[in-house]
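This is protein-v8.txt. It holds compact mmCIF, C-alpha atoms.
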# COMPACT_ATOMS: atom_id res chain seq x y z
CA MET A 1 82.37 59.12 81.54
CA ARG A 2 80.26 56.29 80.14
CA HIS A 3 77.28 57.57 82.16
CA LEU A 4 78.00 61.05 80.84
CA ALA A 5 77.62 59.87 77.25
CA ILE A 6 74.32 58.16 78.02
CA ALA A 7 72.96 61.29 79.69
CA LEU A 8 73.90 63.49 76.75
CA CYS A 9 72.39 61.04 74.27
CA ALA A 10 69.04 60.77 76.06
CA GLY A 11 68.79 64.48 76.67
CA THR A 12 69.68 65.99 73.33
CA SER A 13 69.29 63.54 70.45
CA LEU A 14 65.76 62.74 71.52
CA ALA A 15 64.80 66.39 71.75
CA ALA A 16 65.75 66.80 68.13
CA LEU A 17 63.75 63.94 66.64
CA ALA A 18 60.83 63.28 68.94
CA THR A 19 58.93 66.29 67.72
CA THR A 20 58.67 64.88 64.24
CA ALA A 21 55.38 63.50 65.50
CA HIS A 22 54.47 66.89 66.95
CA ALA A 23 54.61 68.23 63.41
CA GLY A 24 52.32 65.39 62.33
CA GLY A 25 49.94 66.72 64.98
CA PHE A 26 49.61 69.93 63.02
CA GLN A 27 46.96 68.68 60.64
CA ILE A 28 46.60 70.68 57.42
CA ARG A 29 43.03 70.85 56.11
CA GLU A 30 43.84 73.52 53.57
CA ASN A 31 43.48 71.70 50.26
CA SER A 32 40.79 73.88 48.66
CA ALA A 33 39.94 77.58 48.47
CA ALA A 34 36.26 76.72 48.02
CA GLY A 35 36.36 74.54 51.13
CA MET A 36 38.30 77.08 53.15
CA GLY A 37 35.70 79.73 52.40
CA THR A 38 33.22 77.83 54.60
CA ALA A 39 35.89 76.79 57.18
CA PHE A 40 35.61 73.31 55.62
CA ALA A 41 32.02 72.90 56.75
CA GLY A 42 30.44 70.25 54.53
CA ALA A 43 33.81 69.07 53.22
CA ALA A 44 32.54 65.46 53.12
CA SER A 45 29.04 66.23 51.81
CA ASP A 46 29.35 69.11 49.33
CA ALA A 47 31.13 68.49 46.00
CA ARG A 48 31.71 72.20 45.45
CA ASP A 49 35.05 71.49 43.73
CA LEU A 50 37.39 68.61 42.88
CA SER A 51 38.93 68.43 46.38
CA ILE A 52 36.05 66.06 47.11
CA VAL A 53 38.29 63.36 45.54
CA TYR A 54 40.36 63.51 48.75
CA ASN A 55 37.79 64.72 51.29
CA ASN A 56 35.14 62.04 50.53
CA PRO A 57 35.54 59.87 47.42
CA ALA A 58 31.89 58.71 47.59
CA ALA A 59 30.71 62.27 46.89
CA MET A 60 32.47 62.25 43.51
CA THR A 61 29.15 60.90 42.17
CA GLN A 62 27.87 64.49 42.56
CA LEU A 63 30.36 65.68 39.93
CA GLN A 64 28.80 66.20 36.50
CA ARG A 65 31.94 66.82 34.43
CA SER A 66 35.52 65.64 34.29
CA GLY A 67 38.12 68.19 35.24
CA ALA A 68 41.46 69.24 36.70
CA GLU A 69 42.16 71.59 39.59
CA LEU A 70 45.27 73.26 40.98
CA GLY A 71 45.49 75.39 44.10
CA VAL A 72 47.75 76.76 46.79
CA SER A 73 47.19 77.96 50.35
CA LEU A 74 49.67 80.37 51.89
CA ILE A 75 49.74 79.71 55.66
CA THR A 76 51.38 82.42 57.78
CA PRO A 77 51.66 81.50 61.47
CA SER A 78 52.81 84.06 64.02
CA SER A 79 54.01 83.05 67.48
CA SER A 80 55.83 84.90 70.26
CA TYR A 81 57.13 83.62 73.58
CA ARG A 82 56.58 85.58 76.78
CA GLY A 83 58.31 84.24 79.84
CA THR A 84 61.61 83.35 81.40
CA GLY A 85 64.30 80.70 81.22
CA ARG A 86 66.64 79.25 83.84
CA ASP A 87 69.66 77.00 83.54
CA ALA A 88 70.68 74.13 85.85
CA LEU A 89 72.19 76.60 88.36
CA GLY A 90 69.05 78.75 88.42
CA ARG A 91 70.64 81.55 86.42
CA PRO A 92 68.67 83.31 83.65
CA LEU A 93 69.10 81.76 80.23
CA THR A 94 70.80 84.16 77.85
CA GLY A 95 69.15 85.15 74.61
CA ALA A 96 66.08 87.05 73.53
CA THR A 97 62.51 85.87 73.18
CA ASP A 98 61.75 85.06 69.57
CA ARG A 99 58.94 85.42 67.10
CA THR A 100 58.17 83.01 64.25
CA GLY A 101 56.05 83.81 61.24
CA ASP A 102 57.41 82.44 57.98
CA ALA A 103 54.82 81.94 55.23
CA ILE A 104 54.35 78.29 54.22
CA PRO A 105 52.86 77.46 50.78
CA VAL A 106 50.72 74.31 50.70
CA PRO A 107 49.83 73.10 47.18
CA ALA A 108 47.09 70.70 46.10
CA ALA A 109 46.13 69.16 42.75
CA PHE A 110 43.16 67.03 41.66
CA LEU A 111 41.87 65.15 38.61
CA ALA A 112 38.40 63.66 38.21
CA TYR A 113 37.00 61.47 35.44
CA VAL A 114 33.23 61.45 34.90
CA PRO A 115 32.22 58.96 32.18
CA GLU A 116 29.09 60.01 30.32
CA GLY A 117 25.94 58.11 31.34
CA GLU A 118 27.72 55.97 33.99
CA ASN A 119 27.15 55.70 37.75
CA TRP A 120 30.85 55.55 38.67
CA ARG A 121 33.69 58.07 38.94
CA THR A 122 37.45 57.98 39.45
CA GLY A 123 39.80 60.59 40.81
CA PHE A 124 43.41 61.40 41.64
CA ALA A 125 44.64 63.79 44.35
CA ILE A 126 47.99 65.15 45.45
CA THR A 127 47.82 66.91 48.82
CA ALA A 128 49.95 67.84 51.85
CA PRO A 129 47.76 66.72 54.80
CA TYR A 130 50.34 67.20 57.57
CA GLY A 131 53.13 69.72 58.01
CA LEU A 132 54.87 72.26 60.17
CA GLU A 133 57.74 74.69 59.94
CA THR A 134 59.10 76.84 62.77
CA ASP A 135 62.39 78.74 62.92
CA TYR A 136 64.06 80.42 65.88
CA ASP A 137 67.23 82.52 65.98
CA ALA A 138 70.33 80.56 66.96
CA GLY A 139 70.71 82.45 70.26
CA TRP A 140 67.11 82.60 71.43
CA ILE A 141 66.24 81.76 75.02
CA GLY A 142 64.70 78.37 74.13
CA ARG A 143 67.50 77.19 71.85
CA TYR A 144 68.04 74.02 73.91
CA GLN A 145 64.45 72.94 73.20
CA ALA A 146 64.13 73.92 69.54
CA LEU A 147 65.77 75.82 66.70
CA HIS A 148 64.48 74.58 63.33
CA SER A 149 61.53 72.21 62.92
CA LYS A 150 60.14 71.17 59.56
CA LEU A 151 57.83 68.37 58.49
CA GLU A 152 56.55 67.95 54.95
CA THR A 153 54.16 65.28 53.73
CA ILE A 154 53.03 64.49 50.20
CA ASN A 155 49.95 62.29 49.88
CA ILE A 156 49.13 60.73 46.49
CA ASN A 157 45.61 59.29 46.50
CA PHE A 158 43.75 57.29 43.86
CA ALA A 159 40.01 57.00 44.50
CA ALA A 160 36.85 55.59 42.93
CA ALA A 161 33.13 55.94 43.65
CA MET A 162 29.84 54.33 42.60
CA GLU A 163 26.19 55.23 43.09
CA ILE A 164 24.81 51.84 44.17
CA ARG A 165 21.23 53.08 44.16
CA PRO A 166 19.60 56.50 43.73
CA GLY A 167 20.74 58.75 46.58
CA LEU A 168 23.34 56.35 47.99
CA SER A 169 27.01 56.27 46.94
CA ILE A 170 30.11 54.54 48.24
CA GLY A 171 33.77 55.20 47.51
CA GLY A 172 37.29 54.41 48.55
CA GLY A 173 40.90 55.00 47.78
CA VAL A 174 44.53 54.07 48.30
CA SER A 175 47.21 56.55 49.37
CA ALA A 176 50.98 56.60 49.05
CA GLN A 177 52.39 59.09 51.53
CA ARG A 178 55.91 60.47 51.86
CA ALA A 179 57.04 62.12 55.10
CA GLU A 180 60.26 64.10 55.48
CA ALA A 181 61.45 65.81 58.66
CA THR A 182 64.36 68.07 59.62
CA LEU A 183 64.79 69.21 63.22
CA SER A 184 67.53 70.86 65.25
CA ASN A 185 68.34 72.32 68.65
CA ALA A 186 71.32 73.59 70.64
CA VAL A 187 73.05 71.26 73.12
CA ASP A 188 74.22 72.56 76.52
CA PHE A 189 77.40 70.48 76.87
CA GLY A 190 78.58 72.95 79.51
CA ALA A 191 75.72 71.97 81.84
CA VAL A 192 76.42 68.25 81.49
CA LEU A 193 80.17 68.57 82.05
CA ALA A 194 79.62 70.93 84.98
CA GLY A 195 77.25 68.37 86.49
CA ARG A 196 80.10 65.83 86.28
CA ARG A 197 82.46 68.32 87.92
CA VAL A 198 84.68 68.68 84.89
CA PRO A 199 86.82 71.80 85.58
CA GLY A 200 86.26 74.85 83.41
CA PHE A 201 82.63 74.18 82.44
CA LEU A 202 79.39 75.86 83.52
CA PRO A 203 75.86 75.76 82.03
CA GLN A 204 75.62 77.80 78.80
CA SER A 205 79.44 77.92 78.52
CA ALA A 206 79.86 75.28 75.78
CA ASP A 207 76.94 75.11 73.39
CA GLY A 208 76.87 72.43 70.71
CA TYR A 209 74.32 71.60 68.02
CA ALA A 210 72.16 68.61 67.11
CA LYS A 211 70.33 68.08 63.84
CA VAL A 212 68.26 65.14 62.63
CA ASN A 213 66.64 64.47 59.28
CA GLY A 214 64.73 61.48 57.97
CA ASP A 215 62.15 60.38 55.41
CA ASP A 216 59.91 57.46 54.45
CA TRP A 217 57.16 56.29 52.07
CA ALA A 218 54.14 54.41 53.48
CA TRP A 219 50.64 53.29 52.41
CA GLY A 220 47.12 53.99 53.66
CA THR A 221 43.46 53.65 52.68
CA ASN A 222 40.27 55.70 52.87
CA LEU A 223 36.54 54.99 52.57
CA GLY A 224 33.52 57.19 52.01
CA LEU A 225 29.71 57.20 52.04
CA LEU A 226 27.22 59.75 50.67
CA TYR A 227 23.48 59.63 51.35
CA GLU A 228 20.92 62.00 49.82
CA PRO A 229 17.48 61.08 51.27
CA VAL A 230 15.80 63.97 49.43
CA LYS A 231 17.16 66.30 46.80
CA GLY A 232 19.17 69.07 48.40
CA THR A 233 19.88 67.21 51.64
CA ARG A 234 23.17 65.30 51.77
CA VAL A 235 25.07 63.49 54.50
CA GLY A 236 28.67 62.48 53.88
CA LEU A 237 30.91 60.24 55.96
CA SER A 238 34.63 59.78 55.31
CA TRP A 239 37.24 57.63 57.07
CA ARG A 240 40.99 57.81 56.55
CA SER A 241 43.36 55.18 57.93
CA GLU A 242 46.43 55.60 60.07
CA ILE A 243 49.64 55.61 58.02
CA LYS A 244 52.68 54.18 59.78
CA HIS A 245 56.08 55.60 58.86
CA LYS A 246 59.52 54.37 59.79
CA LEU A 247 61.64 57.44 59.30
CA GLY A 248 65.27 56.76 58.47
CA GLY A 249 68.04 59.29 58.14
CA ASP A 250 71.06 60.86 59.83
CA GLY A 251 71.81 62.58 63.10
CA THR A 252 74.50 65.26 62.98
CA PHE A 253 76.27 66.55 66.08
CA GLU A 254 78.59 69.52 66.43
CA THR A 255 80.66 69.80 69.62
CA PRO A 256 82.99 72.60 70.71
CA ALA A 257 86.69 71.71 70.62
CA ASN A 258 87.06 71.67 74.42
CA VAL A 259 84.08 69.33 74.77
CA ARG A 260 85.40 67.01 72.07
CA ALA A 261 88.71 66.88 73.91
CA VAL A 262 86.93 65.68 77.09
CA LEU A 263 84.97 63.03 75.17
CA THR A 264 88.08 61.84 73.37
CA ALA A 265 90.08 61.65 76.60
CA GLY A 266 87.36 59.48 78.11
CA ASN A 267 87.33 57.19 75.06
CA ILE A 268 83.60 57.95 74.55
CA ALA A 269 82.23 56.96 71.14
CA ALA A 270 78.93 58.81 71.51
CA PHE A 271 78.26 61.97 69.54
CA ALA A 272 80.20 61.11 66.45
CA PRO A 273 79.72 63.78 63.77
CA THR A 274 77.10 61.61 62.01
CA SER A 275 75.02 58.61 63.01
CA ALA A 276 72.13 56.81 61.34
CA VAL A 277 68.80 57.06 63.17
CA THR A 278 65.31 55.57 62.84
CA ALA A 279 61.98 56.37 64.49
CA ASN A 280 58.44 55.06 64.06
CA VAL A 281 55.95 57.88 63.43
CA SER A 282 52.32 57.61 62.34
CA THR A 283 49.80 60.03 60.89
CA PRO A 284 46.51 59.23 62.65
CA GLN A 285 43.23 57.83 61.43
CA SER A 286 40.37 60.33 61.16
CA VAL A 287 36.61 60.44 60.54
CA ASP A 288 34.69 63.35 58.99
CA LEU A 289 30.90 63.69 59.08
CA GLY A 290 29.41 66.38 56.86
CA LEU A 291 25.89 67.74 56.31
CA THR A 292 24.69 69.95 53.45
CA GLN A 293 21.23 71.47 53.12
CA GLU A 294 20.27 73.54 50.08
CA PHE A 295 17.50 76.17 50.07
CA GLY A 296 17.54 77.44 46.52
CA PRO A 297 20.56 79.78 46.18
CA LEU A 298 21.43 79.36 49.88
CA GLY A 299 23.42 76.38 51.07
CA LEU A 300 24.09 75.53 54.73
CA ASN A 301 26.92 73.19 55.74
CA ALA A 302 28.22 71.57 58.91
CA THR A 303 31.11 69.27 59.80
CA VAL A 304 32.11 67.24 62.84
CA ALA A 305 35.52 65.57 62.53
CA TRP A 306 37.48 63.29 64.87
CA THR A 307 41.23 62.61 64.78
CA ASP A 308 42.78 59.70 66.68
CA TRP A 309 45.73 61.54 68.22
CA SER A 310 45.56 59.39 71.37
CA SER A 311 47.33 56.66 69.39
CA PHE A 312 50.47 58.79 69.79
CA GLN A 313 51.70 58.06 73.30
CA GLU A 314 55.45 57.89 72.86
CA ILE A 315 58.25 57.90 70.37
CA ARG A 316 61.40 55.83 70.52
CA VAL A 317 64.52 56.92 68.65
CA ARG A 318 67.04 54.23 67.73
CA PHE A 319 70.67 54.96 66.89
CA ALA A 320 72.95 52.88 64.70
CA ASN A 321 75.88 53.91 66.91
CA PRO A 322 75.96 51.21 69.66
CA ALA A 323 77.41 53.74 72.12
CA GLN A 324 74.14 55.65 72.03
CA PRO A 325 71.16 53.89 73.63
CA ASP A 326 67.56 54.16 72.47
CA ALA A 327 65.84 57.31 73.67
CA LEU A 328 62.21 57.34 74.78
CA ASP A 329 59.99 60.42 74.94
CA GLU A 330 56.46 60.35 76.33
CA GLN A 331 53.82 62.46 74.58
CA HIS A 332 50.37 61.28 75.77
CA TRP A 333 48.40 63.19 73.16
CA LYS A 334 44.61 63.17 73.22
CA ASP A 335 41.95 62.72 70.54
CA THR A 336 40.67 65.93 68.99
CA TRP A 337 37.38 67.19 67.56
CA PHE A 338 36.83 69.77 64.84
CA TYR A 339 33.46 71.54 64.46
CA SER A 340 32.47 73.93 61.69
CA LEU A 341 29.42 75.72 60.31
CA GLY A 342 29.33 77.43 56.94
CA ALA A 343 27.09 78.94 54.30
CA THR A 344 27.20 79.58 50.56
CA TYR A 345 25.05 82.00 48.57
CA GLN A 346 24.75 81.84 44.78
CA ILE A 347 24.46 85.50 43.80
CA ASP A 348 24.04 84.65 40.12
CA PRO A 349 25.28 81.87 37.81
CA ALA A 350 28.81 83.30 37.88
CA TRP A 351 29.37 84.36 41.50
CA GLN A 352 29.12 82.58 44.85
CA LEU A 353 29.80 83.96 48.34
CA ARG A 354 31.02 81.74 51.18
CA THR A 355 31.60 82.14 54.91
CA GLY A 356 32.26 79.89 57.86
CA ILE A 357 33.34 79.50 61.48
CA ALA A 358 35.10 76.56 63.12
CA PHE A 359 36.48 75.39 66.46
CA ASP A 360 39.51 73.10 66.44
CA LYS A 361 40.80 71.37 69.58
CA ASN A 362 44.54 70.75 69.92
CA PRO A 363 46.01 67.35 70.90
CA THR A 364 48.84 68.43 73.19
CA ARG A 365 48.85 68.37 76.99
CA ASP A 366 50.30 71.28 78.99
CA GLN A 367 52.96 69.23 80.77
CA TYR A 368 54.40 67.86 77.50
CA ARG A 369 54.16 70.95 75.30
CA THR A 370 57.41 72.16 73.64
CA PRO A 371 58.35 75.21 71.55
CA ARG A 372 58.36 73.08 68.38
CA ILE A 373 54.55 73.07 68.37
CA ALA A 374 53.28 75.36 71.09
CA ASP A 375 49.69 74.85 70.01
CA GLY A 376 46.37 75.77 71.62
CA ASP A 377 42.68 75.47 70.82
CA ARG A 378 41.83 77.37 67.66
CA THR A 379 38.83 79.36 66.40
CA TRP A 380 38.51 79.91 62.65
CA LEU A 381 36.78 82.77 60.82
CA SER A 382 36.63 82.31 57.05
CA ALA A 383 35.26 84.01 53.94
CA GLY A 384 35.55 83.21 50.24
CA LEU A 385 34.38 83.96 46.74
CA GLY A 386 33.82 81.72 43.74
CA TRP A 387 33.77 82.94 40.12
CA GLN A 388 32.67 80.84 37.15
CA ALA A 389 34.67 82.79 34.59
CA THR A 390 33.61 80.71 31.57
CA ASP A 391 31.77 77.47 30.98
CA ASN A 392 35.03 75.61 31.56
CA ILE A 393 37.09 77.81 33.90
CA ALA A 394 36.39 78.65 37.55
CA LEU A 395 38.42 80.48 40.19
CA ASP A 396 38.04 80.40 44.00
CA VAL A 397 39.69 82.62 46.61
CA ALA A 398 39.42 82.51 50.39
CA TYR A 399 40.83 84.04 53.55
CA THR A 400 40.93 82.60 57.07
CA HIS A 401 42.11 84.06 60.35
CA ILE A 402 42.72 81.59 63.18
CA PHE A 403 42.68 82.77 66.78
CA VAL A 404 44.88 80.47 68.90
CA ASP A 405 44.42 80.24 72.65
CA ASP A 406 47.50 81.16 74.68
CA SER A 407 49.65 78.07 75.21
CA PRO A 408 51.37 77.73 78.61
CA ILE A 409 54.74 76.04 78.65
CA ASN A 410 56.82 74.73 81.54
CA VAL A 411 59.36 72.34 80.09
CA ALA A 412 62.95 71.43 80.91
CA THR A 413 65.68 69.56 79.05
CA SER A 414 67.62 66.75 80.72
CA THR A 415 70.47 69.25 81.17
CA GLY A 416 68.24 71.38 83.42
CA ASN A 417 67.35 74.27 81.10
CA ARG A 418 63.74 75.23 81.81
CA LEU A 419 61.34 77.53 79.97
CA THR A 420 58.37 78.91 81.92
CA GLY A 421 55.89 81.15 80.17
CA GLU A 422 53.40 81.09 77.33
CA PHE A 423 53.17 81.37 73.58
CA LYS A 424 50.78 83.82 71.95
CA SER A 425 49.89 82.77 68.42
CA ASN A 426 47.61 83.35 65.47
CA VAL A 427 47.47 82.22 61.85
CA ASP A 428 46.48 83.93 58.59
CA ILE A 429 45.73 81.90 55.47
CA VAL A 430 45.05 82.98 51.88
CA ALA A 431 44.04 80.38 49.29
CA LEU A 432 43.58 80.42 45.51
CA THR A 433 42.28 77.59 43.31
CA ALA A 434 41.85 77.35 39.53
CA ARG A 435 39.64 74.66 37.97
CA TYR A 436 39.12 73.50 34.39
CA THR A 437 36.24 71.18 33.49
CA PHE A 438 35.57 69.46 30.18

Mind turning the file's structure into structure tokens?
Amino acid sequence: MRHLAIALCAGTSLAALATTAHAGGFQIRENSAAGMGTAFAGAASDARDLSIVYNNPAAMTQLQRSGAELGVSLITPSSSYRGTGRDALGRPLTGATDRTGDAIPVPAAFLAYVPEGENWRTGFAITAPYGLETDYDAGWIGRYQALHSKLETININFAAAMEIRPGLSIGGGVSAQRAEATLSNAVDFGAVLAGRRVPGFLPQSADGYAKVNGDDWAWGTNLGLLYEPVKGTRVGLSWRSEIKHKLGGDGTFETPANVRAVLTAGNIAAFAPTSAVTANVSTPQSVDLGLTQEFGPLGLNATVAWTDWSSFQEIRVRFANPAQPDALDEQHWKDTWFYSLGATYQIDPAWQLRTGIAFDKNPTRDQYRTPRIADGDRTWLSAGLGWQATDNIALDVAYTHIFVDDSPINVATSTGNRLTGEFKSNVDIVALTARYTF
């Protein structure tokens, strides 16, 4: 029975918490309607709005007036599973395939101070650079892999910039970042007890429930460079550090009465109703290179960005309950590249059109992919509109549709429940930003 407890612990508790880092892998660029209109092409080189405080602090020297900005992006992912499921005896998993598509609001706020006649600027940004939320019905076919997954981050960044000589600016900042995760999945106690020849149990006959939540504050830094060799041509480079979190929280376990009776009879202390847990999770370092070229009313933009996802190779979950050993889950993610091209056209002093296209690689590998983040390579198509309503007030709107490549999945839990199929996904995003300058 002692070995039984260890098997349950490694196979179910880990499944609940390990994908906290998967959520971190879903990088959120959506901090600006003006930026989204060009698929974030030129995000590090074009100070089209105050989001430049976060995207490249050095480019704040392009700002001519102090101001405040508030925006929200409504991200609506849609994902459906097509495939089969088998339990440890090879029988079909019960439950229907499921579709997820809840809208997720992502806010952002910025302040910038531009002192008159000075060559320096300061700024303040509140963004949500990483996040994910997926929900599945309690009885869906992949319930043993995932039910509810949610990661929220809040990044508070203070930045400063200085033009050290005409055409060359440097900048940097310090970030305080909070991460909070909640994840859950069903537990097939019937499969484990059947595997130990406990009478009266078969796979799928005694489902339990596991839920984990945790949070943490951590610190990071960022640096930026902006070079304008000739007027109208700008190159921006921005680096953001890795931020290491140690999530701490609680694990909650629900077991059917007949399963609890077996555990109690065996004097097994594992799977108490609550247990403290910790896990080390990092948001990765990244580098953005942007290029902006202006031809009168026409502006062309490009971005190449790299994210160091290969630093995420595994996650180890530690339990305060000594009856539950550490659990280790291998991930083996890979670095990713993001490429985008965009254009802006100033119709008149009040109106600006924007459009863009982007290609975004995903960090997951087929053999490790799970339903919590069944991601694939993504192609963005974006369009936006900017309106300078008055001398002080401006509004930006944008829309993006993201085509996601089909994501094959062939993954099994330690209790032998396997999903084999693919996820078909896409994402729609609408963004609105309001800006006041003074």

Could you make a table, as CSV, of the residues of region 217-247 of chain A that have an atom within 10 Å of an atom of region 31-43 of chain A, each with its nearest atom pair and distance in Å to one decimal, counting only C-alpha atoms, in chain and number order?
residue,atom,partner,partner_atom,distance
A:Arg234,CA,A:Gly42,CA,9.2
A:Val235,CA,A:Gly42,CA,8.6
A:Gly236,CA,A:Gly42,CA,8.0
A:Leu237,CA,A:Ala43,CA,9.7
A:Ser238,CA,A:Ala43,CA,9.6

- Query: Smallest atom-to-atom distance to Ser51 (chain A): which of A:Arg378, A:Arg29, A:Arg65, A:Arg86, using all atoms listed in the file?
  - Reply: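 Smallest distance to Ser51 (chain A) is found for A:Arg29.
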
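Nearest to Ser79 (chain A) of all the residues A:Arg354, A:Arg418, A:Arg316, A:Arg372 is A:Arg372, counting only C-alpha atoms.
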
- A straight line from CA of Asp406 (chain A) to CA of Gly83 (chain A) spans 12.4 Å

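Nearest residue to Gly224 (chain A) among A:Asn280, A:Ser241, A:Thr264, A:Thr413 is A:Ser241, counting all atoms listed in the file.
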
- Name the residues in contact with region 148-153 of chain A at a cut-off of 6 Å, using all atoms listed in the file, excluding same-chain residues fewer than 6 positions from it; report them as a list in words.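 Final neighbour list, sorted by chain and number: Ala23, Ala128, Tyr130, Gly131, Leu132, Glu133, Thr134, Asp135, Arg178, Ala179, Glu180, Ala181, Thr182, Leu183 and Ser184 of chain A.
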
- Query: If you count all atoms listed in the file, which residues fall within 6 Å of region 200-216 of chain A, apart from same-chain ones fewer than 2 positions away, as number ranges by chain?
  - Reply: A: 178-191, 194, 247-255

Based on the selection just made, write C-alpha atoms of those residues as a compact mmCIF listing (two decimals), in the frame of the given file.
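For reference, result38.txt as written:
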# COMPACT_ATOMS: atom_id res chain seq x y z
CA ARG A 178 55.91 60.47 51.86
CA ALA A 179 57.04 62.12 55.10
CA GLU A 180 60.26 64.10 55.48
CA ALA A 181 61.45 65.81 58.66
CA THR A 182 64.36 68.07 59.62
CA LEU A 183 64.79 69.21 63.22
CA SER A 184 67.53 70.86 65.25
CA ASN A 185 68.34 72.32 68.65
CA ALA A 186 71.32 73.59 70.64
CA VAL A 187 73.05 71.26 73.12
CA ASP A 188 74.22 72.56 76.52
CA PHE A 189 77.40 70.48 76.87
CA GLY A 190 78.58 72.95 79.51
CA ALA A 191 75.72 71.97 81.84
CA ALA A 194 79.62 70.93 84.98
CA LEU A 247 61.64 57.44 59.30
CA GLY A 248 65.27 56.76 58.47
CA GLY A 249 68.04 59.29 58.14
CA ASP A 250 71.06 60.86 59.83
CA GLY A 251 71.81 62.58 63.10
CA THR A 252 74.50 65.26 62.98
CA PHE A 253 76.27 66.55 66.08
CA GLU A 254 78.59 69.52 66.43
CA THR A 255 80.66 69.80 69.62

- Message: Nearest residue to Gly356 (chain A) out of A:His401, A:Ile315, A:Asp326, A:Pro371, using only C-alpha atoms?
- Response: A:His401
